[in-house]
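K.L.:
Could you have a look at this structure, given as structure tokens, before my questions?
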Amino acid sequence: MTERKPIESWLTDMDGVLMHEGVPVPGADAFIKKLRASGKPFLVLTNNSIYTARDLHARLNRIGLEVPVENIWTSALATASFLESQHPGGTAYVIGEAGLTTALHDAGYVMTDLDPDFVILGETRTYSFEALTKAIRLIESGARFICTNPDNTGPSPQGPLPATGSVAALITKATGKEPYFVGKPNPLMMRTGLNVIGAHSESSAMIGDRMDTDILAGLEAGMQTFLVLTGLTSAGDVERFPYRPTKVVDSIADIVDLV
């Protein structure tokens, strides 16, 4: 078996790895500090498209995790990067929050409900029946369907919330059109992220708390993968999947010495 190259760059999920329900996971601060001191390229990733990188920088900073804006990569940024490369200067009807609309605006996209090139669905806490109806009609009229991420539910202190994947299923049921999902587990999000920091997959690692998104995306992008047990996956869950992470650890604290 070919020996893996030393890890020179790190990608890590945010919720369930660095923080859990707004509280930093023990060891997260030490991990971020050691990464920054090492000078190694790194990115904190999230499938959540609600917030801009600047918003997330501020939220992390409030709980003591100092992550520069340029080291944050969201599914909204990945979606904007994808569309800019595929169809520069396009138009889109967007259901989502500032994280998504800001990224698309910065990529040169115009938001419109008049014959748009794309319908783009992202995360929001206020899905509107009127907006969904408009999206369905625009897709039936020929707009191409893009989603920031496939997560069916998102976390909240009260329990799971319906997320982009669930709402996308509703639109697909109504139109017969499947969306293209940009976020994890699509390795496209990982590869565009690696390009942003000038890293290579064969010398990079992905840390996550979900087998079906984080670990799968890292595996398909050709990276080493570390599953932490501080989020949605337990050690027993790993056996249910036909693939495995490179290593399973209790938490991000167990990875600090590897940086």
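Identifiers in this document derive from the order of the structure tokens: chains are assigned A, B, ..., residues are numbered from 1 separately in each chain, and ligands are numbered from 1 in order of occurrence.
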Any idea what's packed within 8 Å of Ser251 (chain A), counting only C-alpha atoms, ignoring anything in its chain fewer than 5 positions away? Could you give it as a list in words?

P.N.:
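These residues fall inside the cut-off: Val17, Val25, Pro26, Gly27, Val228, Leu229 and Thr230 of chain A.
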
K.L.:
How would you write, as a short mmCIF file (atom, residue, chain, number, x, y, z; two decimals) with C-alpha atoms, in the first residue's frame, the set of residues in region 171-204 of chain A that DSSP gives as helix (DSSP H, G or I)?

P.N.:
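Printed below is out-v3.cif as written:
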```cif
data_model
loop_
_atom_site.label_atom_id
_atom_site.label_comp_id
_atom_site.auth_asym_id
_atom_site.auth_seq_id
_atom_site.Cartn_x
_atom_site.Cartn_y
_atom_site.Cartn_z
CA ILE A 171 -39.23 21.30 -5.28
CA THR A 172 -38.03 18.14 -7.04
CA LYS A 173 -41.34 16.41 -6.31
CA ALA A 174 -43.21 19.35 -7.83
CA THR A 175 -41.01 19.80 -10.92
CA PRO A 187 -15.87 16.76 -3.39
CA LEU A 188 -16.18 19.91 -5.51
CA MET A 189 -16.54 21.94 -2.31
CA MET A 190 -13.35 20.39 -0.96
CA ARG A 191 -11.37 20.85 -4.17
CA THR A 192 -12.38 24.50 -4.60
CA GLY A 193 -11.49 25.04 -0.94
CA LEU A 194 -8.08 23.44 -1.45
CA ASN A 195 -7.53 25.72 -4.45
CA VAL A 196 -8.33 28.77 -2.32
CA SER A 201 -5.40 16.68 -1.64
CA GLU A 202 -2.65 14.09 -1.26
CA SER A 203 -1.06 16.10 1.56
#
```

K.L.:
Just the number, please: distance in Å from CA of Thr225 (chain A) to CA of Arg244 (chain A), one decimal.

P.N.:
8.7 Å

K.L.:
Would you list the contacts of Leu60 (chain A) as JSON, numbers by chain, taking every protein, DNA or RNA residue within 9 Å and counting only C-alpha atoms, but skipping same-chain residues closer than 4 positions in sequence?

P.N.:
{"A": [19, 22, 24, 55, 56, 64, 65, 66, 67]}

K.L.:
Include all heavy atoms and write out the residues we just selected as a tab-separated table (two decimals), in the first residue's frame.

P.N.:
```
chain	number	residue	atom	x	y	z
A	19	MET	N	-17.13	23.44	17.59
A	19	MET	CA	-18.14	23.95	18.52
A	19	MET	C	-19.35	23.04	18.50
A	19	MET	O	-19.58	22.30	17.52
A	19	MET	CB	-18.54	25.38	18.15
A	19	MET	CG	-19.09	25.53	16.75
A	19	MET	SD	-19.36	27.24	16.24
A	19	MET	CE	-20.82	27.64	17.19
A	22	GLY	N	-23.10	26.21	20.05
A	22	GLY	CA	-22.59	27.51	20.45
A	22	GLY	C	-21.49	27.49	21.48
A	22	GLY	O	-21.01	28.56	21.90
A	24	PRO	N	-17.56	26.10	22.48
A	24	PRO	CA	-16.37	25.48	21.87
A	24	PRO	C	-16.12	24.08	22.43
A	24	PRO	O	-16.29	23.84	23.63
A	24	PRO	CB	-15.24	26.45	22.23
A	24	PRO	CG	-15.73	27.21	23.40
A	24	PRO	CD	-17.21	27.30	23.26
A	55	ASP	N	-19.41	37.00	9.14
A	55	ASP	CA	-20.34	36.68	10.24
A	55	ASP	C	-19.79	35.52	11.08
A	55	ASP	O	-19.80	35.57	12.32
A	55	ASP	CB	-21.71	36.27	9.70
A	55	ASP	CG	-22.45	37.39	8.99
A	55	ASP	OD1	-22.21	38.56	9.33
A	55	ASP	OD2	-23.26	37.08	8.11
A	56	LEU	N	-19.32	34.49	10.40
A	56	LEU	CA	-18.83	33.30	11.10
A	56	LEU	C	-17.55	33.60	11.87
A	56	LEU	O	-17.34	33.09	12.97
A	56	LEU	CB	-18.61	32.15	10.11
A	56	LEU	CG	-19.89	31.59	9.49
A	56	LEU	CD1	-19.55	30.57	8.41
A	56	LEU	CD2	-20.78	30.95	10.54
A	64	GLY	N	-14.15	32.49	21.60
A	64	GLY	CA	-12.72	32.32	21.85
A	64	GLY	C	-11.94	31.60	20.78
A	64	GLY	O	-10.78	31.21	21.01
A	65	LEU	N	-12.52	31.41	19.59
A	65	LEU	CA	-11.82	30.75	18.49
A	65	LEU	C	-11.48	31.79	17.43
A	65	LEU	O	-12.38	32.31	16.75
A	65	LEU	CB	-12.68	29.63	17.89
A	65	LEU	CG	-13.10	28.52	18.87
A	65	LEU	CD1	-13.99	27.50	18.16
A	65	LEU	CD2	-11.90	27.84	19.49
A	66	GLU	N	-10.21	32.11	17.28
A	66	GLU	CA	-9.76	33.17	16.38
A	66	GLU	C	-9.42	32.58	15.01
A	66	GLU	O	-8.30	32.12	14.77
A	66	GLU	CB	-8.55	33.88	16.98
A	66	GLU	CG	-8.12	35.13	16.24
A	66	GLU	CD	-9.23	36.19	16.16
A	66	GLU	OE1	-9.84	36.50	17.20
A	66	GLU	OE2	-9.47	36.68	15.04
A	67	VAL	N	-10.42	32.59	14.12
A	67	VAL	CA	-10.24	32.07	12.76
A	67	VAL	C	-10.36	33.23	11.78
A	67	VAL	O	-11.43	33.86	11.70
A	67	VAL	CB	-11.30	31.00	12.43
A	67	VAL	CG1	-11.09	30.47	11.01
A	67	VAL	CG2	-11.25	29.86	13.44
```

K.L.:
Measure the distance from CA of Val23 (chain A) to CA of Pro155 (chain A) in Å and round it to one decimal.

P.N.:
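The value is 13.5 Å.
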
K.L.:
Counting only C-alpha atoms, which of A:Arg62, A:Lys184, A:His105, A:Lys177 gets nearest to Val119 (chain A)?

P.N.:
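Of the candidates, the smallest distance to Val119 (chain A) is held by A:Lys177.
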
K.L.:
Can you pull out every residue within 10 Å of Tyr109 (chain A), counting only C-alpha atoms, but drop anything in the same chain fewer than 4 positions away, and send it as a short mmCIF file (atom, residue, chain, number, x, y, z; two decimals) with N, CA, C and O atoms, in the first residue's frame?

P.N.:
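Listing of out34.cif after writing:
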```
data_model
loop_
_atom_site.label_atom_id
_atom_site.label_comp_id
_atom_site.auth_asym_id
_atom_site.auth_seq_id
_atom_site.Cartn_x
_atom_site.Cartn_y
_atom_site.Cartn_z
N ALA A 80 -21.04 29.99 -5.26
CA ALA A 80 -20.72 31.18 -6.07
C ALA A 80 -19.49 30.92 -6.94
O ALA A 80 -19.46 31.31 -8.11
N LEU A 83 -20.54 28.62 -9.87
CA LEU A 83 -21.33 29.31 -10.89
C LEU A 83 -20.49 30.32 -11.67
O LEU A 83 -20.67 30.49 -12.88
N GLU A 84 -19.56 30.96 -10.98
CA GLU A 84 -18.69 31.92 -11.66
C GLU A 84 -17.84 31.22 -12.72
O GLU A 84 -17.58 31.77 -13.79
N HIS A 87 -20.77 29.62 -15.47
CA HIS A 87 -21.64 30.55 -16.20
C HIS A 87 -21.40 31.96 -15.67
O HIS A 87 -22.23 32.50 -14.92
N PRO A 88 -20.26 32.55 -16.00
CA PRO A 88 -19.94 33.88 -15.44
C PRO A 88 -20.97 34.94 -15.84
O PRO A 88 -21.51 34.91 -16.94
N GLY A 89 -21.22 35.85 -14.88
CA GLY A 89 -22.12 36.96 -15.16
C GLY A 89 -23.56 36.56 -15.34
O GLY A 89 -24.32 37.25 -16.03
N GLY A 90 -23.97 35.46 -14.70
CA GLY A 90 -25.33 34.97 -14.87
C GLY A 90 -26.35 35.66 -13.98
O GLY A 90 -26.04 36.59 -13.24
N THR A 91 -27.59 35.14 -14.06
CA THR A 91 -28.68 35.67 -13.25
C THR A 91 -29.29 34.52 -12.45
O THR A 91 -29.25 33.36 -12.88
N ALA A 92 -29.87 34.86 -11.31
CA ALA A 92 -30.40 33.81 -10.45
C ALA A 92 -31.56 34.30 -9.61
O ALA A 92 -31.58 35.46 -9.17
N THR A 101 -26.54 35.33 -0.83
CA THR A 101 -26.72 36.46 -1.74
C THR A 101 -25.46 37.31 -1.84
O THR A 101 -25.12 37.79 -2.93
N THR A 102 -24.74 37.48 -0.73
CA THR A 102 -23.49 38.25 -0.76
C THR A 102 -22.44 37.55 -1.62
O THR A 102 -21.75 38.19 -2.43
N ALA A 103 -22.31 36.23 -1.46
CA ALA A 103 -21.33 35.48 -2.24
C ALA A 103 -21.64 35.55 -3.73
O ALA A 103 -20.74 35.74 -4.57
N LEU A 104 -22.91 35.45 -4.09
CA LEU A 104 -23.29 35.51 -5.50
C LEU A 104 -23.08 36.91 -6.07
O LEU A 104 -22.61 37.07 -7.21
N HIS A 105 -23.42 37.93 -5.28
CA HIS A 105 -23.20 39.30 -5.72
C HIS A 105 -21.72 39.56 -5.97
O HIS A 105 -21.33 40.15 -6.98
#
```

K.L.:
Can you list every residue of region 62-115 of chain A that has an atom at most 9 Å from region 133-144 of chain A, with its nearest atom pair and the distance in Å to one decimal, using only C-alpha atoms, ordered by chain then number, as a tab-separated table?

P.N.:
```
residue	atom	partner	partner_atom	distance
A:Ala92	CA	A:Ala143	CA	8.5
A:Tyr93	CA	A:Ala135	CA	7.3
A:Val94	CA	A:Ala135	CA	8.4
A:Ile95	CA	A:Ala135	CA	8.3
A:Asp113	CA	A:Leu138	CA	7.9
A:Leu114	CA	A:Leu138	CA	8.6
A:Asp115	CA	A:Leu138	CA	7.1
```

K.L.:
With only C-alpha atoms as the basis for distance, which of A:Tyr180, A:Phe42, A:Phe118, A:Tyr51 is at the shortest distance from Glu70 (chain A)?

P.N.:
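Of all the options, A:Phe42 lies closest to Glu70 (chain A).
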
K.L.:
What separation in Å, quoted to one decimal, exists between CA of Ala221 (chain A) and CA of His200 (chain A)?

P.N.:
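Atom-to-atom, CA of Ala221 (chain A) to CA of His200 (chain A), that is 9.8 Å.
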